[in-house]
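Enquirer: I have a structure I would like to understand better, so I am pasting it below and will then ask my questions one at a time.
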Amino acid sequence: MSDNNDLCTWAYKSKKMREYHDTEWGRPLHDEISLFGLFVLETFQAGLSWSLILEKREAIRQAFFSFNPEKMMNLSEADVSSILENPLVIRNRAKIKSAIQNAKSFRGLHERGATFSETVWAYRPKMHEMPASLDEIPPFTEESRKMSIHLKNLGFAFAGPVTCYSFMQGAGIVNDHISGCPIGIEIAGS
């Protein structure tokens, strides 16, 4: 684990954030369900902090059948109401409905012979340098803007360019660990 408090300072806000930084964030993720689950969590983050999402992640995962799109897409309005009553999840009807819509869009991709992994990894920039400071990390990029347009055209919801860029960071499509961060260096070398 990284010990330098001057690097990726956002990770030092809590033990959960530090664990997430050191073991998950920015590590290349290709597994379909894991990628989809991260995307759902990123859509729930819109307007909220990632630390809140980490606190509620397990409850969200349980509410959405471990992000199994086949089960998620069949959630009824009664199921949505039940999820909204659960204080352990993010109780936002639009975000819950978007997760269901995104499961349907995920299925649609597969029906067309594509995968979610291929679709999102196609937006990996040809060149990307680790930033020297948090100030150098943009809220979105041209690639995340293009990913957003593509995903929205495929029917995905809550897929704006900022959400897509945050997803790209979490999934390791880009490595935005601060240059010098041992975790980022490890990821870059793998």
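The chains in the structure tokens are called A, B, ... from first to last as shown; in each chain the residues are counted from 1, and the ligands are counted from 1 in the order shown.
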Would you pick out the contacts of Asn102 in chain A at 10 Å or less, using only C-alpha atoms, so that residues sharing its chain but fewer than 4 positions from it are not included, and give the list as a PyMOL selection string?
Expert: chain A and resi 36+39-40+43+69+72-73+96-98+106-108+151-152+154-159
Enquirer: Could you write out the selected residues, including C-alpha atoms, as an mmCIF file, in the first residue's frame?
Expert:
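And here is the file that came out, again-v1.cif:
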```cif
data_model
loop_
_atom_site.group_PDB
_atom_site.id
_atom_site.type_symbol
_atom_site.label_atom_id
_atom_site.label_comp_id
_atom_site.auth_asym_id
_atom_site.auth_seq_id
_atom_site.Cartn_x
_atom_site.Cartn_y
_atom_site.Cartn_z
ATOM 1 C CA PHE A 36 -21.113 -2.710 -15.732
ATOM 2 C CA PHE A 39 -20.672 2.064 -14.427
ATOM 3 C CA VAL A 40 -23.907 1.737 -12.404
ATOM 4 C CA THR A 43 -24.175 6.873 -12.397
ATOM 5 C CA PRO A 69 -28.126 -7.130 -16.056
ATOM 6 C CA MET A 72 -31.850 -5.943 -13.197
ATOM 7 C CA MET A 73 -33.685 -5.327 -16.456
ATOM 8 C CA ILE A 96 -32.665 3.539 -9.916
ATOM 9 C CA LYS A 97 -34.696 3.650 -13.133
ATOM 10 C CA SER A 98 -31.549 4.531 -15.097
ATOM 11 C CA PHE A 106 -26.185 -3.611 -21.834
ATOM 12 C CA ARG A 107 -28.291 -6.553 -23.023
ATOM 13 C CA GLY A 108 -28.921 -4.746 -26.315
ATOM 14 C CA LEU A 151 -23.518 5.231 -24.830
ATOM 15 C CA LYS A 152 -26.500 7.596 -24.960
ATOM 16 C CA LEU A 154 -27.161 2.964 -27.357
ATOM 17 C CA GLY A 155 -29.821 3.888 -24.787
ATOM 18 C CA PHE A 156 -27.667 4.275 -21.680
ATOM 19 C CA ALA A 157 -28.849 6.865 -19.143
ATOM 20 C CA PHE A 158 -26.925 9.128 -16.733
ATOM 21 C CA ALA A 159 -23.980 8.731 -19.120
#
```
Enquirer: Excluding range 48-58 of chain A and residues on its chain fewer than 5 positions from it, collect all residues at most 9 Å away from it, counting only C-alpha atoms, and give them as a list in words.
Expert: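 That gives Lys13, Ser14, Lys16, Met17, Tyr20, Leu41, Glu42, Ala63, Ser66, Leu88, Val89 and Ile90 of chain A.
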Enquirer: Store the residues picked out above, limited to C-alpha atoms, as a short mmCIF file (atom, residue, chain, number, x, y, z; two decimals), in the first residue's frame.
Expert:
```
data_model
loop_
_atom_site.label_atom_id
_atom_site.label_comp_id
_atom_site.auth_asym_id
_atom_site.auth_seq_id
_atom_site.Cartn_x
_atom_site.Cartn_y
_atom_site.Cartn_z
CA LYS A 13 -10.17 10.92 3.45
CA SER A 14 -11.09 7.56 4.96
CA LYS A 16 -12.44 2.89 2.64
CA MET A 17 -11.18 5.52 0.22
CA TYR A 20 -10.31 1.68 -2.90
CA LEU A 41 -22.11 2.99 -9.30
CA GLU A 42 -20.67 5.93 -11.26
CA ALA A 63 -30.44 -4.30 -4.50
CA SER A 66 -24.71 -8.12 -7.92
CA LEU A 88 -28.95 1.76 2.86
CA VAL A 89 -29.02 2.66 -0.85
CA ILE A 90 -29.08 5.94 -2.76
#
```
Enquirer: List every residue of range 46-183 of chain A that DSSP, applied to the backbone of this structure, assigns to alpha helix (DSSP H), and report them as a ChimeraX atom specification.
Expert: /A:50-63,69-72,77-84,93-111,116-121,142-153,161-170,182-183
Enquirer: CA of Arg27 in chain A and CA of Ile183 in chain A, how far apart in Å?
Expert: 9.0 Å
Enquirer: In Å, how far is it from CA of Pro161 in chain A to CA of Ile137 in chain A?
Expert: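 Answer for the CA of Pro161 in chain A to CA of Ile137 in chain A separation: 13.9 Å.
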Enquirer: Got a sec: who's within 8 Å of His177 in chain A, counting only C-alpha atoms, leaving out chain neighbours fewer than 4 positions off, as an MDAnalysis selection string?
Expert: chainID A and resid 8 26 130:131 181 183:184
Enquirer: With distances taken over only C-alpha atoms, which of A:Tyr12, A:Phe65, A:Phe44, A:Trp25 is nearest to Met168 in chain A?
Expert: A:Trp25
Enquirer: Counting only C-alpha atoms, what is within 12 Å of range 185-187 of chain A, bar same-chain residues fewer than 5 positions away, as an mmCIF file with N, CA and C atoms, in the first residue's frame?
Expert:
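Once written, out.cif looks like this:
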```cif
data_model
loop_
_atom_site.group_PDB
_atom_site.id
_atom_site.type_symbol
_atom_site.label_atom_id
_atom_site.label_comp_id
_atom_site.auth_asym_id
_atom_site.auth_seq_id
_atom_site.Cartn_x
_atom_site.Cartn_y
_atom_site.Cartn_z
ATOM 1 N N MET A 1 0.827 -1.198 0.000
ATOM 2 C CA MET A 1 0.000 0.000 0.000
ATOM 3 C C MET A 1 0.863 1.250 0.000
ATOM 4 N N SER A 2 0.350 2.270 -0.631
ATOM 5 C CA SER A 2 1.036 3.557 -0.716
ATOM 6 C C SER A 2 1.087 4.211 0.659
ATOM 7 N N LEU A 7 0.531 12.177 -2.285
ATOM 8 C CA LEU A 7 0.091 11.666 -3.575
ATOM 9 C C LEU A 7 -1.365 11.218 -3.511
ATOM 10 N N HIS A 21 -8.500 3.224 -3.397
ATOM 11 C CA HIS A 21 -7.377 3.754 -4.168
ATOM 12 C C HIS A 21 -6.301 2.698 -4.381
ATOM 13 N N ASP A 22 -5.931 2.019 -3.317
ATOM 14 C CA ASP A 22 -4.793 1.111 -3.370
ATOM 15 C C ASP A 22 -5.100 -0.227 -4.043
ATOM 16 N N THR A 23 -6.369 -0.645 -4.057
ATOM 17 C CA THR A 23 -6.672 -1.982 -4.574
ATOM 18 C C THR A 23 -7.574 -2.006 -5.803
ATOM 19 N N GLU A 24 -8.281 -0.910 -6.104
ATOM 20 C CA GLU A 24 -9.244 -0.945 -7.204
ATOM 21 C C GLU A 24 -9.077 0.185 -8.216
ATOM 22 N N TRP A 25 -9.025 1.426 -7.759
ATOM 23 C CA TRP A 25 -9.112 2.585 -8.650
ATOM 24 C C TRP A 25 -7.982 2.608 -9.667
ATOM 25 N N GLY A 26 -8.356 2.656 -10.912
ATOM 26 C CA GLY A 26 -7.382 2.766 -11.983
ATOM 27 C C GLY A 26 -6.782 1.455 -12.452
ATOM 28 N N ARG A 27 -7.145 0.365 -11.813
ATOM 29 C CA ARG A 27 -6.631 -0.934 -12.258
ATOM 30 C C ARG A 27 -7.482 -1.383 -13.446
ATOM 31 N N PRO A 28 -6.848 -1.735 -14.556
ATOM 32 C CA PRO A 28 -7.601 -2.093 -15.768
ATOM 33 C C PRO A 28 -8.622 -3.204 -15.511
ATOM 34 N N LEU A 29 -9.850 -2.884 -15.836
ATOM 35 C CA LEU A 29 -10.989 -3.763 -15.583
ATOM 36 C C LEU A 29 -11.623 -4.108 -16.924
ATOM 37 N N GLU A 129 -0.850 10.756 -20.054
ATOM 38 C CA GLU A 129 0.181 10.833 -19.019
ATOM 39 C C GLU A 129 -0.471 11.006 -17.657
ATOM 40 N N MET A 130 0.129 10.376 -16.666
ATOM 41 C CA MET A 130 -0.350 10.562 -15.302
ATOM 42 C C MET A 130 -0.181 12.037 -14.940
ATOM 43 N N PRO A 131 -1.180 12.636 -14.306
ATOM 44 C CA PRO A 131 -1.089 14.053 -13.961
ATOM 45 C C PRO A 131 -0.075 14.304 -12.844
ATOM 46 N N ALA A 171 -12.116 2.446 -13.997
ATOM 47 C CA ALA A 171 -11.928 1.190 -14.729
ATOM 48 C C ALA A 171 -10.523 1.039 -15.294
ATOM 49 N N GLY A 172 -9.667 2.037 -15.096
ATOM 50 C CA GLY A 172 -8.301 1.945 -15.596
ATOM 51 C C GLY A 172 -8.168 2.204 -17.081
ATOM 52 N N ILE A 173 -9.208 2.733 -17.698
ATOM 53 C CA ILE A 173 -9.128 3.102 -19.110
ATOM 54 C C ILE A 173 -8.147 4.263 -19.245
ATOM 55 N N VAL A 174 -8.073 5.084 -18.212
ATOM 56 C CA VAL A 174 -7.022 6.086 -18.063
ATOM 57 C C VAL A 174 -6.407 5.893 -16.678
ATOM 58 N N ASN A 175 -5.150 6.244 -16.544
ATOM 59 C CA ASN A 175 -4.457 6.140 -15.258
ATOM 60 C C ASN A 175 -4.247 7.564 -14.739
ATOM 61 N N ASP A 176 -5.145 8.022 -13.877
ATOM 62 C CA ASP A 176 -5.049 9.370 -13.324
ATOM 63 C C ASP A 176 -4.516 9.395 -11.901
ATOM 64 N N HIS A 177 -3.769 8.364 -11.516
ATOM 65 C CA HIS A 177 -3.016 8.466 -10.269
ATOM 66 C C HIS A 177 -1.982 9.575 -10.492
ATOM 67 N N ILE A 178 -1.697 10.319 -9.452
ATOM 68 C CA ILE A 178 -0.715 11.393 -9.546
ATOM 69 C C ILE A 178 0.652 10.784 -9.853
ATOM 70 N N SER A 179 1.395 11.409 -10.785
ATOM 71 C CA SER A 179 2.716 10.871 -11.144
ATOM 72 C C SER A 179 3.542 10.746 -9.870
ATOM 73 N N GLY A 180 4.177 9.657 -9.705
ATOM 74 C CA GLY A 180 4.933 9.393 -8.476
ATOM 75 C C GLY A 180 4.163 8.522 -7.506
#
```
Enquirer: CA of Met147 in chain A and CA of Arg124 in chain A are how many Å apart?
Expert: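 Going from CA of Met147 in chain A over to CA of Arg124 in chain A covers 9.6 Å.
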Enquirer: Nearest residue to Phe64 in chain A out of A:Ala122, A:Ala46, A:Ala114, A:Ile33, using only C-alpha atoms?
Expert: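 So, comparing all the options, the nearest one is A:Ile33.
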Enquirer: Between A:Lys126, A:His150, A:His30, A:Arg93, which has the minimum distance to Ala78 in chain A (counting only C-alpha atoms)?
Expert: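 Among the listed residues, the smallest separation from Ala78 in chain A belongs to A:Arg93.
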